[in-house]
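Take a look at the structure set out below.
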Amino acid sequence: MARSQKQKLKLLYLMRYLQQNSDEAHPVGIAQMVEALESCGIPAERKSLYADLEALREFGLDIVQTRGKTVGYYVASRDFELPELKLLVDSVQSSKFITQRKTLSLIRKIENLASVHDAAALQRQVFVRNRVKTMNESVYYNIDEISSAITADRKIRFLYCEYTVSKERRYRHEGAFYELSPYALIWDDENYYLLAFDAAAGQMRHYRVDKMSRISALESFRDGKEAFRALDMSAYSKRVFGMFAGEAETVRLRFSNRLAGAVIDRFGRDVTLIREDEEHFSVRVEAVVSPQFYAWVFGFGGEAEILSPPSAREGMAAVSRAVLEKYEK
């Protein structure tokens with residue numbers, strides 16, 4: 001690019017330099033700006049830079065001048081403050097459905113929203129946690145493909161897999177495509193799930209997005225609109241444990257008083273806590289009685305008890321006996 005053409009880009013280069021290299025703890029001087037511009041092939045005089053800085057202020061860039069032994073300048077406010085960027089980095093790093101490769105890629109992009117000095121602090125956070133990550137690199141794009149199909153009111157087709165002990169993918173349904181009507185994406189227990197209507201079964205079902213591949217939208221419109229409208233999504237997420245399928249039942253449980261917070265966290269603040277005695281309360285909730293439901297109750301030990309229905313009590317007893325037998329042997 002000719003020098004005269006680069007000169008036209010002087011303000012843009014200067015703005016990028018300030019955004020990348022300055023913050024409150026690291027103001028930059030006029031001499032540093034001159035050097036940075038010259039490294040880009042743009043000659044700059046000190047006097048002209050004062051006018052450039054004022055032009056950038058008028059454009060909306062929050063440039064603050066420091067006064068002391070030396071005069072410096074820095075970008076005081078940005079679209080995202082450092083605490084907000086740390087929150088974004090932590091969310092990406094802790095999300096199990098995002099692969100490690102995509103995690104690093106996203107964090108590098110987030111770093112570009114901060115100065116190089118703050119970006120170093122963000123990079124250090126990458127190694128704070130050793131989270132289990134999905135092995136499906138395409139999940140990031142699966143979500144976008146599903147969302148587009150929902151917006152366009154179209155069915156989708158996809159292959160659904162599971163992993164073997166050798167970490168190889170094995171397709172369910174004998175390798176045939178699933179053809180369903182997508183309606184919602186649900187975040188549960190650090191995984192994304194697709195809620196879709198299965199016309200053959202005549203009901204809503206859910207599928208782990210990271211286990212889906214070769215997703216494509218079809219020309220046919222979605223089925224099951226009435227079934228989805230009849231579904232209370234807030235109640236659905238409360239009663240389905242770990243996205244295990246099953247029939248919802250009215251279940252009555254008794255807990256020690258100290259577990260009130262855990263019950264409210266699971267079923268929401270609207271759940272009614274009924275005082276049983278000085279040390280216990282009971283609740284009546286809609287829940288899908290599944291292995292994951294039993295595991296949730298089991299996690300509280302003797303401080304939680306299923307009172308009804310009898311089938312749920314018997315199921316809990318069977319699970320408890322099976323576990324006990326394992327350890328008695």
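Residues in the structure tokens are numbered from 1 in each chain, the chains being A, B, ... in the order shown, and ligands are numbered from 1 in the order shown.
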As a ChimeraX atom specification, list the residues of segment 169-267 of chain A assigned to strand (DSSP E) by DSSP on the backbone atoms of this structure. /A:169-171,178-188,191-198,203-208,212-221,248-256
Produce a table with one row for each residue of segment 219-280 of chain A that has an atom at most 12 Å from any atom of segment 198-202 of chain A, each row naming the nearest atom pair and its distance in Å at one decimal; use only C-alpha atoms; arrange rows by chain and rising residue number; format as CSV.
```
residue,atom,partner,partner_atom,distance
A:Arg222,CA,A:Ala199,CA,9.5
A:Asp223,CA,A:Ala199,CA,6.8
A:Gly224,CA,A:Ala199,CA,7.2
A:Lys225,CA,A:Ala199,CA,11.0
A:Glu226,CA,A:Gly202,CA,11.2
A:Ala227,CA,A:Gly202,CA,8.8
A:Phe228,CA,A:Asp198,CA,11.3
```
Restricting it to N, CA and C atoms, dump the selection as a compact mmCIF listing (two decimals), in the first residue's frame.
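Produced file out27.txt, reproduced below:
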```txt
# COMPACT_ATOMS: atom_id res chain seq x y z
N ARG A 222 -42.73 -27.95 10.29
CA ARG A 222 -42.72 -28.70 11.54
C ARG A 222 -44.10 -29.24 11.92
N ASP A 223 -44.10 -30.40 12.58
CA ASP A 223 -45.30 -30.96 13.21
C ASP A 223 -45.26 -30.60 14.69
N GLY A 224 -46.37 -30.89 15.38
CA GLY A 224 -46.38 -30.83 16.84
C GLY A 224 -46.50 -29.47 17.46
N LYS A 225 -47.01 -28.50 16.72
CA LYS A 225 -47.13 -27.15 17.29
C LYS A 225 -48.06 -27.13 18.50
N GLU A 226 -49.16 -27.88 18.45
CA GLU A 226 -50.09 -27.90 19.58
C GLU A 226 -49.44 -28.55 20.80
N ALA A 227 -48.67 -29.60 20.57
CA ALA A 227 -48.00 -30.28 21.68
C ALA A 227 -47.00 -29.34 22.36
N PHE A 228 -46.31 -28.53 21.56
CA PHE A 228 -45.34 -27.60 22.15
C PHE A 228 -46.04 -26.47 22.89
```
Residue with smallest distance to Gly302 of chain A - pool A:Phe177, A:Tyr327, A:Tyr140, A:Phe255, counting only C-alpha atoms: A:Phe255
For Ala248 of chain A, the closest of A:Val75, A:Ala176, A:Val323, A:Ala312 counting only C-alpha atoms is A:Ala312
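With atom CA of Lys86 of chain A on one side and atom CA of Leu122 of chain A on the other, the separation reads 6.3 Å.
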Using only C-alpha atoms for the distances, tell me which of A:Trp187, A:Phe300, A:Tyr17, A:Phe267 is nearest to Glu38 of chain A. A:Tyr17
Report the residues of segment 99-240 of chain A whose backbone DSSP state falls under helix (DSSP H, G or I), written as a ChimeraX atom specification. /A:100-111,116-125,139-151,173-175,209-211,225-229,233-239
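Nearest to Pro83 of chain A of all the residues A:Ala121, A:Asp277, A:Phe221, A:Val28 is A:Ala121, based on only C-alpha atoms.
Nearest to Lys96 of chain A of all the residues A:Leu218, A:Met204, A:Val251, A:Val139 is A:Val139, counting only C-alpha atoms.
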7 Å contact set for Tyr183 of chain A, only C-alpha atoms, chain neighbours under 4 positions out, as a list in words: Ile150, Leu195 and Ala196 of chain A
Selected residue of minimal separation from Thr66 of chain A among A:Ala287, A:Ile30, A:Leu307, A:Leu12, counting only C-alpha atoms: A:Ile30
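For the pair atom CA of Arg284 of chain A and atom CA of Arg205 of chain A, the interatomic distance is 24.7 Å.
We find atom CA of Phe197 of chain A and atom CA of Leu180 of chain A to be spaced 5.9 Å apart.
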Env of segment 105-112 of chain A: 10 Å cut, atoms = only C-alpha atoms, seq-sep filter 6 positions within chain, self excluded. Answer as a PDB file with C-alpha atoms, in the first residue's frame.
```pdb
ATOM      1  CA  GLN A  19      -7.349   0.059  22.264  1.00  0.00           C
ATOM      2  CA  GLN A  20      -4.796  -2.752  22.223  1.00  0.00           C
ATOM      3  CA  PHE A  80     -16.799  -4.684  27.863  1.00  0.00           C
ATOM      4  CA  LEU A  82     -12.461  -6.399  32.491  1.00  0.00           C
ATOM      5  CA  LEU A  85     -14.647 -10.248  30.067  1.00  0.00           C
ATOM      6  CA  LYS A  86     -13.530 -12.456  32.948  1.00  0.00           C
ATOM      7  CA  LEU A  88     -17.323 -14.441  29.615  1.00  0.00           C
ATOM      8  CA  VAL A  89     -14.013 -16.323  29.715  1.00  0.00           C
ATOM      9  CA  ASP A  90     -15.103 -18.279  32.771  1.00  0.00           C
ATOM     10  CA  VAL A  92     -16.756 -20.406  27.972  1.00  0.00           C
ATOM     11  CA  GLN A  93     -14.090 -22.324  29.880  1.00  0.00           C
ATOM     12  CA  ILE A  98     -17.807 -26.421  23.921  1.00  0.00           C
ATOM     13  CA  THR A  99     -14.748 -28.401  22.846  1.00  0.00           C
ATOM     14  CA  ASP A 118      -5.630  -7.214  30.549  1.00  0.00           C
ATOM     15  CA  ALA A 119      -5.627  -9.977  27.922  1.00  0.00           C
ATOM     16  CA  ALA A 120      -2.699 -11.574  29.761  1.00  0.00           C
ATOM     17  CA  ALA A 121      -4.859 -11.771  32.889  1.00  0.00           C
ATOM     18  CA  LEU A 122      -7.638 -13.401  30.884  1.00  0.00           C
ATOM     19  CA  GLN A 123      -5.224 -15.927  29.374  1.00  0.00           C
ATOM     20  CA  GLN A 125      -7.676 -17.932  33.665  1.00  0.00           C
ATOM     21  CA  VAL A 126      -7.775 -20.458  30.820  1.00  0.00           C
TER      22      VAL A 126
END
```
Which residues are near Leu53 of chain A? Cut-off 12 Å, only C-alpha atoms, ignore same chain within fewer than 3 positions. Put them as an mmCIF file with N, CA and C atoms, in the first residue's frame.
```
data_model
loop_
_atom_site.group_PDB
_atom_site.id
_atom_site.type_symbol
_atom_site.label_atom_id
_atom_site.label_comp_id
_atom_site.auth_asym_id
_atom_site.auth_seq_id
_atom_site.Cartn_x
_atom_site.Cartn_y
_atom_site.Cartn_z
ATOM 1 N N LYS A 10 -4.500 6.640 9.048
ATOM 2 C CA LYS A 10 -3.753 6.977 10.263
ATOM 3 C C LYS A 10 -4.618 6.911 11.516
ATOM 4 N N LEU A 11 -5.826 7.514 11.465
ATOM 5 C CA LEU A 11 -6.703 7.512 12.637
ATOM 6 C C LEU A 11 -7.102 6.097 13.049
ATOM 7 N N LEU A 12 -7.344 5.247 12.064
ATOM 8 C CA LEU A 12 -7.741 3.871 12.373
ATOM 9 C C LEU A 12 -6.607 3.108 13.045
ATOM 10 N N TYR A 13 -5.380 3.277 12.518
ATOM 11 C CA TYR A 13 -4.223 2.632 13.134
ATOM 12 C C TYR A 13 -3.999 3.159 14.550
ATOM 13 N N LEU A 14 -4.166 4.451 14.736
ATOM 14 C CA LEU A 14 -3.967 5.047 16.057
ATOM 15 C C LEU A 14 -5.010 4.530 17.041
ATOM 16 N N MET A 15 -6.263 4.456 16.596
ATOM 17 C CA MET A 15 -7.328 3.959 17.464
ATOM 18 C C MET A 15 -7.055 2.512 17.867
ATOM 19 N N TYR A 17 -4.191 0.993 18.022
ATOM 20 C CA TYR A 17 -3.037 0.945 18.922
ATOM 21 C C TYR A 17 -3.460 1.299 20.351
ATOM 22 N N LEU A 18 -4.246 2.338 20.495
ATOM 23 C CA LEU A 18 -4.685 2.745 21.833
ATOM 24 C C LEU A 18 -5.562 1.676 22.487
ATOM 25 N N GLY A 29 2.529 7.285 25.829
ATOM 26 C CA GLY A 29 2.902 8.650 25.513
ATOM 27 C C GLY A 29 2.875 8.925 24.025
ATOM 28 N N ILE A 30 3.029 10.192 23.681
ATOM 29 C CA ILE A 30 3.028 10.603 22.284
ATOM 30 C C ILE A 30 4.168 9.931 21.521
ATOM 31 N N MET A 33 3.252 6.528 20.483
ATOM 32 C CA MET A 33 2.308 6.533 19.370
ATOM 33 C C MET A 33 3.026 6.796 18.044
ATOM 34 N N ARG A 46 4.409 14.947 16.211
ATOM 35 C CA ARG A 46 3.811 15.063 17.533
ATOM 36 C C ARG A 46 2.606 16.008 17.523
ATOM 37 N N LYS A 47 2.757 17.162 16.851
ATOM 38 C CA LYS A 47 1.675 18.138 16.849
ATOM 39 C C LYS A 47 0.403 17.583 16.208
ATOM 40 N N SER A 48 0.580 16.805 15.148
ATOM 41 C CA SER A 48 -0.607 16.277 14.454
ATOM 42 C C SER A 48 -1.355 15.262 15.308
ATOM 43 N N LEU A 49 -0.632 14.586 16.197
ATOM 44 C CA LEU A 49 -1.268 13.562 17.024
ATOM 45 C C LEU A 49 -2.243 14.163 18.032
ATOM 46 N N TYR A 50 -1.977 15.370 18.498
ATOM 47 C CA TYR A 50 -2.918 16.012 19.417
ATOM 48 C C TYR A 50 -4.266 16.220 18.731
ATOM 49 N N LEU A 56 -10.543 11.538 17.647
ATOM 50 C CA LEU A 56 -11.016 10.255 18.160
ATOM 51 C C LEU A 56 -11.970 10.451 19.335
ATOM 52 N N ARG A 57 -11.714 11.465 20.141
ATOM 53 C CA ARG A 57 -12.640 11.773 21.246
ATOM 54 C C ARG A 57 -14.004 12.182 20.690
ATOM 55 N N GLU A 58 -13.990 13.030 19.668
ATOM 56 C CA GLU A 58 -15.252 13.467 19.058
ATOM 57 C C GLU A 58 -15.985 12.285 18.428
ATOM 58 N N PHE A 59 -15.235 11.296 17.948
ATOM 59 C CA PHE A 59 -15.834 10.102 17.353
ATOM 60 C C PHE A 59 -16.507 9.235 18.419
ATOM 61 N N GLY A 60 -16.045 9.383 19.680
ATOM 62 C CA GLY A 60 -16.676 8.623 20.761
ATOM 63 C C GLY A 60 -15.727 7.773 21.566
ATOM 64 N N LEU A 61 -14.442 7.730 21.203
ATOM 65 C CA LEU A 61 -13.473 6.951 21.949
ATOM 66 C C LEU A 61 -13.127 7.686 23.239
ATOM 67 N N ASP A 62 -13.284 7.013 24.357
ATOM 68 C CA ASP A 62 -13.080 7.638 25.671
ATOM 69 C C ASP A 62 -11.583 7.660 26.015
ATOM 70 N N ILE A 63 -10.899 8.680 25.536
ATOM 71 C CA ILE A 63 -9.460 8.819 25.759
ATOM 72 C C ILE A 63 -9.233 9.774 26.920
ATOM 73 N N VAL A 64 -8.491 9.309 27.917
ATOM 74 C CA VAL A 64 -8.193 10.114 29.097
ATOM 75 C C VAL A 64 -6.707 10.448 29.116
ATOM 76 N N GLN A 65 -6.400 11.682 29.464
ATOM 77 C CA GLN A 65 -5.004 12.115 29.558
ATOM 78 C C GLN A 65 -4.571 12.097 31.021
ATOM 79 N N GLY A 72 0.493 10.916 29.594
ATOM 80 C CA GLY A 72 0.125 9.718 28.857
ATOM 81 C C GLY A 72 -1.350 9.724 28.524
ATOM 82 N N TYR A 73 -1.744 8.793 27.684
ATOM 83 C CA TYR A 73 -3.136 8.683 27.256
ATOM 84 C C TYR A 73 -3.560 7.218 27.306
ATOM 85 N N TYR A 74 -4.831 7.003 27.631
ATOM 86 C CA TYR A 74 -5.342 5.626 27.630
ATOM 87 C C TYR A 74 -6.837 5.630 27.338
ATOM 88 N N VAL A 75 -7.325 4.476 26.866
ATOM 89 C CA VAL A 75 -8.759 4.292 26.621
ATOM 90 C C VAL A 75 -9.399 3.913 27.954
#
```
